[in-house]
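Student: Structure below; questions to follow.
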Amino acid sequence: MNPDYFYFISGLPNISFEDSKLSYSTEQFRAEAKAQLSDRDFRYLEILHLTADLDNLLHRLYRTGRAINPEGLFPLEYWETYLAFISNRLENPNLATPAEFATLPAFISPILDKAMVLEELPPFLQTESELLGAFYKWTNEHPNSFIKQWFGYDAHLRNILAAINGRKFDLPYAQYLIGDEDFVEKLAKSHAADFGLGKEDALFESVVRIYEQNNILYRERSYDILRWKWIDDQNFFNYFNIDRVLGYYSKLRILSRWLMADPNVGKEVFHDTLNAMENSFTFPEEFNIKSVIK
């Protein structure tokens with residue numbers, strides 16, 4: 001039976017996308033949630049950070065020298081130790097998994113094994129694409145409805161932006177789309193202005209309208225407003241369960257990122273985007289304000 005968190009949720013302050021300050025930080029929320037939630041439900045909350053943690057793991061594996069993604073929960077030392085364990089296990093397949101890594105999703109280590117067994121690591125984007133693809137497949141099979149639907153929505157949004165930007169800048173985006181459903185195939189193969197979607201995809205219509213705006217910060221803020229509205233719709237009939245907690249925390253993280261932004265963020269996003277376009281092709285960071293808000 002799934003527990004209800006009546007007292008915890010009842011005590012949470014109301015938050016709005018237009019708030020100018022936080023009642024408490026994401027770190028404070030996690031500390032309180034850890035004391036209130038079951039172990040299983042707290043692990044669900046931590047999954048919301050997993051893409052950032054995988055991002056940090058990848059940059060550590062490839063020694064890019066990039067600063068740590070602050071959205072990740074694990075310190076770099078954790079990933080250093082994990083990579084050392086993977087390396088040692090390649091030489092000793094019977095090596096037992098240390099307890100500190102036992103709760104990591106099972107899809108991670110086979111992808112690292114595949115990359116690290118080679119004399120030279122495969123291209124960064126290839127490994128990144130494999131990890132993200134495996135992550136979204138894993139969340140699509142997750143037993144918690146919010147986790148499953150939230151990351152399904154996130155993948156949908158990522159795919160749309162990848163296709164729009166890829167077409168605009170004449171980049172080979174199809175190989176980086178997530179999933180294999182009909183929608184993804186249309187984005188990958190259609191030459192129609194609307195990718196053959198017509199008006200059947202409400203999110204696509206919304207993203208296109210936002211994308212037509214020239215101001216990058218306006219666009220990023222609008223994408224987060226879409227996410228915020230999705231959470232409200234998803235949890236309309238959820239009152240005191242874990243899905244309500246996960247939705248609240250997701251909104252708190254969105255609000256926290258914007259309140260930590262400064263006037264130079266727009267300039268940084270613009271130059272980061274141009275540099276990324278010149279040096280490589282990737283969508284997980286270059287059109288995502290989260291990568292530059294510190």
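Labels used: A, B, ... for chains in the order of the structure tokens, numbers from 1 for residues in each chain, and numbers from 1 for ligands as shown.
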List the neighbours of A:Ile108 out to 9 Å using only C-alpha atoms; skip same-chain residues closer than 4 positions along the sequence, and give me the result as a PyMOL selection string.
Tutor: chain A and resi 54+104+112-113+131+134-135
Student: Would you write out those residues with N, CA and C atoms, as a compact mmCIF listing (two decimals), in the first residue's frame?
Tutor:
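So the final result, stored in selection27.txt, reads:
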```
# COMPACT_ATOMS: atom_id res chain seq x y z
N LEU A 54 24.42 11.68 -14.25
CA LEU A 54 24.99 11.00 -15.41
C LEU A 54 25.86 11.96 -16.22
N LEU A 104 22.61 2.06 -7.74
CA LEU A 104 22.64 2.71 -9.05
C LEU A 104 21.85 1.87 -10.05
N LEU A 112 29.13 1.69 -19.60
CA LEU A 112 30.51 2.04 -19.23
C LEU A 112 31.47 0.91 -19.58
N ASP A 113 31.06 -0.33 -19.33
CA ASP A 113 31.89 -1.49 -19.70
C ASP A 113 32.22 -1.45 -21.19
N LEU A 131 23.69 6.52 -22.95
CA LEU A 131 23.27 6.65 -21.56
C LEU A 131 21.90 7.30 -21.45
N ALA A 134 19.19 4.89 -22.66
CA ALA A 134 18.93 3.86 -21.66
C ALA A 134 18.20 4.43 -20.45
N PHE A 135 18.55 5.65 -20.08
CA PHE A 135 17.88 6.28 -18.94
C PHE A 135 16.39 6.47 -19.21
```
Student: Enumerate as JSON, numbers by chain all residues of stretch 46-293 of chain A assigned to alpha helix (DSSP H) by DSSP on the backbone, naming them with the chain letters and numbers the document uses.
Tutor: {"A": [46, 47, 50, 51, 52, 53, 54, 55, 56, 57, 58, 59, 60, 61, 76, 77, 78, 79, 80, 81, 82, 83, 84, 85, 86, 87, 88, 89, 90, 91, 108, 109, 110, 111, 112, 113, 114, 115, 116, 124, 125, 126, 127, 128, 129, 130, 131, 132, 133, 134, 135, 136, 137, 138, 139, 140, 145, 146, 147, 148, 149, 150, 151, 152, 153, 154, 155, 156, 157, 158, 159, 160, 161, 162, 163, 164, 165, 166, 167, 168, 182, 183, 184, 185, 186, 187, 188, 189, 202, 203, 204, 205, 206, 207, 208, 209, 210, 211, 216, 217, 218, 219, 220, 221, 222, 223, 224, 225, 226, 227, 228, 229, 230, 231, 232, 233, 234, 242, 243, 244, 245, 246, 247, 248, 249, 250, 251, 252, 253, 254, 255, 256, 257, 258, 259, 265, 266, 267, 268, 269, 270, 271, 272, 273, 274, 275, 276, 277, 278, 279]}
Student: Can I get the selection written as a tab-separated table (two decimals), in the first residue's frame, with C-alpha atoms?
Tutor:
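Wrote it out as result36.tsv, contents follow:
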```
chain	number	residue	atom	x	y	z
A	46	GLU	CA	16.65	11.37	-6.02
A	47	ILE	CA	15.90	9.99	-9.50
A	50	LEU	CA	19.84	11.42	-12.22
A	51	THR	CA	20.36	13.07	-15.63
A	52	ALA	CA	22.62	15.65	-13.94
A	53	ASP	CA	24.53	12.90	-12.14
A	54	LEU	CA	24.99	11.00	-15.41
A	55	ASP	CA	26.23	14.24	-16.95
A	56	ASN	CA	28.87	14.55	-14.22
A	57	LEU	CA	29.82	10.89	-14.61
A	58	LEU	CA	30.35	11.32	-18.35
A	59	HIS	CA	32.49	14.42	-18.01
A	60	ARG	CA	34.59	12.65	-15.40
A	61	LEU	CA	35.00	9.60	-17.63
A	76	LEU	CA	32.96	13.87	-8.23
A	77	GLU	CA	34.91	11.66	-5.82
A	78	TYR	CA	31.98	9.23	-5.88
A	79	TRP	CA	32.16	8.92	-9.65
A	80	GLU	CA	35.95	8.63	-9.55
A	81	THR	CA	35.62	5.66	-7.22
A	82	TYR	CA	32.85	4.17	-9.35
A	83	LEU	CA	34.90	4.43	-12.55
A	84	ALA	CA	37.84	2.81	-10.77
A	85	PHE	CA	35.56	-0.05	-9.72
A	86	ILE	CA	34.31	-0.52	-13.30
A	87	SER	CA	37.90	-0.55	-14.57
A	88	ASN	CA	38.95	-3.14	-11.97
A	89	ARG	CA	35.92	-5.30	-12.73
A	90	LEU	CA	36.85	-5.44	-16.41
A	91	GLU	CA	40.01	-7.25	-15.32
A	108	ILE	CA	24.69	2.35	-16.32
A	109	SER	CA	27.48	-0.18	-15.89
A	110	PRO	CA	27.02	-2.13	-19.20
A	111	ILE	CA	27.37	1.11	-21.17
A	112	LEU	CA	30.51	2.04	-19.23
A	113	ASP	CA	31.89	-1.49	-19.70
A	114	LYS	CA	31.35	-1.19	-23.45
A	115	ALA	CA	33.16	2.15	-23.61
A	116	MET	CA	36.00	1.44	-21.18
A	124	PHE	CA	31.64	11.54	-26.16
A	125	LEU	CA	28.32	12.11	-27.91
A	126	GLN	CA	27.96	8.42	-28.69
A	127	THR	CA	28.31	7.38	-25.06
A	128	GLU	CA	26.12	10.27	-23.92
A	129	SER	CA	23.40	9.28	-26.38
A	130	GLU	CA	23.53	5.66	-25.22
A	131	LEU	CA	23.27	6.65	-21.56
A	132	LEU	CA	20.40	9.05	-22.14
A	133	GLY	CA	18.55	6.55	-24.32
A	134	ALA	CA	18.93	3.86	-21.66
A	135	PHE	CA	17.88	6.28	-18.94
A	136	TYR	CA	14.65	7.27	-20.67
A	137	LYS	CA	13.86	3.65	-21.47
A	138	TRP	CA	14.43	2.81	-17.80
A	139	THR	CA	12.15	5.62	-16.56
A	140	ASN	CA	9.50	4.64	-19.12
A	145	SER	CA	3.57	7.20	-12.45
A	146	PHE	CA	5.10	10.66	-11.92
A	147	ILE	CA	8.63	9.46	-12.71
A	148	LYS	CA	7.41	7.65	-15.81
A	149	GLN	CA	5.29	10.52	-17.14
A	150	TRP	CA	7.66	13.35	-16.15
A	151	PHE	CA	10.62	11.92	-17.99
A	152	GLY	CA	8.41	10.87	-20.89
A	153	TYR	CA	7.41	14.53	-21.18
A	154	ASP	CA	11.03	15.63	-20.85
A	155	ALA	CA	12.11	13.26	-23.63
A	156	HIS	CA	9.28	14.52	-25.81
A	157	LEU	CA	10.39	18.12	-25.30
A	158	ARG	CA	14.05	17.26	-25.90
A	159	ASN	CA	13.19	15.51	-29.16
A	160	ILE	CA	11.17	18.45	-30.45
A	161	LEU	CA	13.95	20.93	-29.68
A	162	ALA	CA	16.56	18.61	-31.18
A	163	ALA	CA	14.58	18.36	-34.41
A	164	ILE	CA	13.83	22.07	-34.69
A	165	ASN	CA	17.40	23.12	-33.96
A	166	GLY	CA	18.89	20.35	-36.05
A	167	ARG	CA	16.88	21.35	-39.08
A	168	LYS	CA	17.57	25.06	-38.58
A	182	ASP	CA	6.16	6.86	-34.52
A	183	PHE	CA	6.55	10.43	-33.27
A	184	VAL	CA	10.34	10.08	-33.20
A	185	GLU	CA	10.36	8.54	-36.68
A	186	LYS	CA	8.43	11.52	-38.02
A	187	LEU	CA	10.87	13.96	-36.46
A	188	ALA	CA	13.78	12.01	-37.92
A	189	LYS	CA	12.50	11.46	-41.48
A	202	ALA	CA	-0.09	19.94	-28.63
A	203	LEU	CA	3.40	20.19	-27.15
A	204	PHE	CA	4.97	20.57	-30.60
A	205	GLU	CA	2.60	23.45	-31.36
A	206	SER	CA	3.47	25.18	-28.08
A	207	VAL	CA	7.23	24.72	-28.51
A	208	VAL	CA	7.16	26.06	-32.08
A	209	ARG	CA	5.35	29.21	-30.94
A	210	ILE	CA	7.92	29.72	-28.18
A	211	TYR	CA	10.85	28.98	-30.49
A	216	ILE	CA	16.76	32.97	-25.67
A	217	LEU	CA	15.97	33.67	-22.02
A	218	TYR	CA	12.33	34.20	-22.88
A	219	ARG	CA	12.29	30.88	-24.67
A	220	GLU	CA	13.95	28.99	-21.82
A	221	ARG	CA	11.63	30.56	-19.28
A	222	SER	CA	8.64	29.63	-21.43
A	223	TYR	CA	9.80	26.00	-21.69
A	224	ASP	CA	9.93	25.89	-17.89
A	225	ILE	CA	6.43	27.39	-17.73
A	226	LEU	CA	5.29	24.49	-19.91
A	227	ARG	CA	6.92	22.08	-17.47
A	228	TRP	CA	5.29	23.85	-14.52
A	229	LYS	CA	1.85	23.66	-16.15
A	230	TRP	CA	2.38	19.99	-16.97
A	231	ILE	CA	3.06	19.26	-13.28
A	232	ASP	CA	-0.14	21.08	-12.26
A	233	ASP	CA	-2.16	19.08	-14.79
A	234	GLN	CA	-0.50	15.78	-13.91
A	242	ILE	CA	4.40	10.71	-3.41
A	243	ASP	CA	3.48	12.08	-6.84
A	244	ARG	CA	2.43	15.35	-5.20
A	245	VAL	CA	5.78	15.49	-3.37
A	246	LEU	CA	7.73	14.79	-6.56
A	247	GLY	CA	5.78	17.44	-8.45
A	248	TYR	CA	6.29	20.03	-5.74
A	249	TYR	CA	10.01	19.34	-5.62
A	250	SER	CA	10.30	19.55	-9.42
A	251	LYS	CA	8.63	22.98	-9.31
A	252	LEU	CA	10.87	24.05	-6.44
A	253	ARG	CA	13.94	23.14	-8.51
A	254	ILE	CA	12.65	25.11	-11.51
A	255	LEU	CA	12.00	28.15	-9.33
A	256	SER	CA	15.38	27.82	-7.59
A	257	ARG	CA	17.27	27.82	-10.89
A	258	TRP	CA	15.61	31.03	-12.04
A	259	LEU	CA	16.08	32.81	-8.74
A	265	VAL	CA	22.88	34.49	-17.94
A	266	GLY	CA	21.41	35.48	-21.31
A	267	LYS	CA	24.82	36.50	-22.66
A	268	GLU	CA	26.40	33.29	-21.36
A	269	VAL	CA	23.69	31.11	-22.90
A	270	PHE	CA	24.15	32.83	-26.26
A	271	HIS	CA	27.93	32.43	-26.34
A	272	ASP	CA	27.78	28.87	-24.99
A	273	THR	CA	25.37	28.00	-27.78
A	274	LEU	CA	27.62	29.47	-30.48
A	275	ASN	CA	30.69	27.70	-29.09
A	276	ALA	CA	28.87	24.39	-28.92
A	277	MET	CA	27.72	24.79	-32.52
A	278	GLU	CA	31.28	25.43	-33.66
A	279	ASN	CA	32.85	22.53	-31.78
```
Student: Of the candidates A:Tyr62, A:Phe42, A:Phe195, A:Phe17, which shows the shortest atom-to-atom distance to A:Phe29, using only C-alpha atoms?
Tutor: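 Closest residue, counting only C-alpha atoms: A:Phe42.
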Student: Report, in Å with one decimal, the straight-line distance from atom CA of A:His49 to atom CA of A:Tyr173.
Tutor: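 Calculated distance between atom CA of A:His49 and atom CA of A:Tyr173 is 25.0 Å.
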Student: May I ask for the distance between atom CA of A:Arg63 and atom CA of A:Pro122, given in Å to one decimal place?
Tutor: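 Between atom CA of A:Arg63 and atom CA of A:Pro122 the gap works out to 13.3 Å.
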Student: For the atom pair atom CA of A:Glu71 and atom CA of A:Asp41, what is the interatomic distance in Å to one decimal place?
Tutor: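 Taking atom CA of A:Glu71 and atom CA of A:Asp41, their separation equals 19.3 Å.
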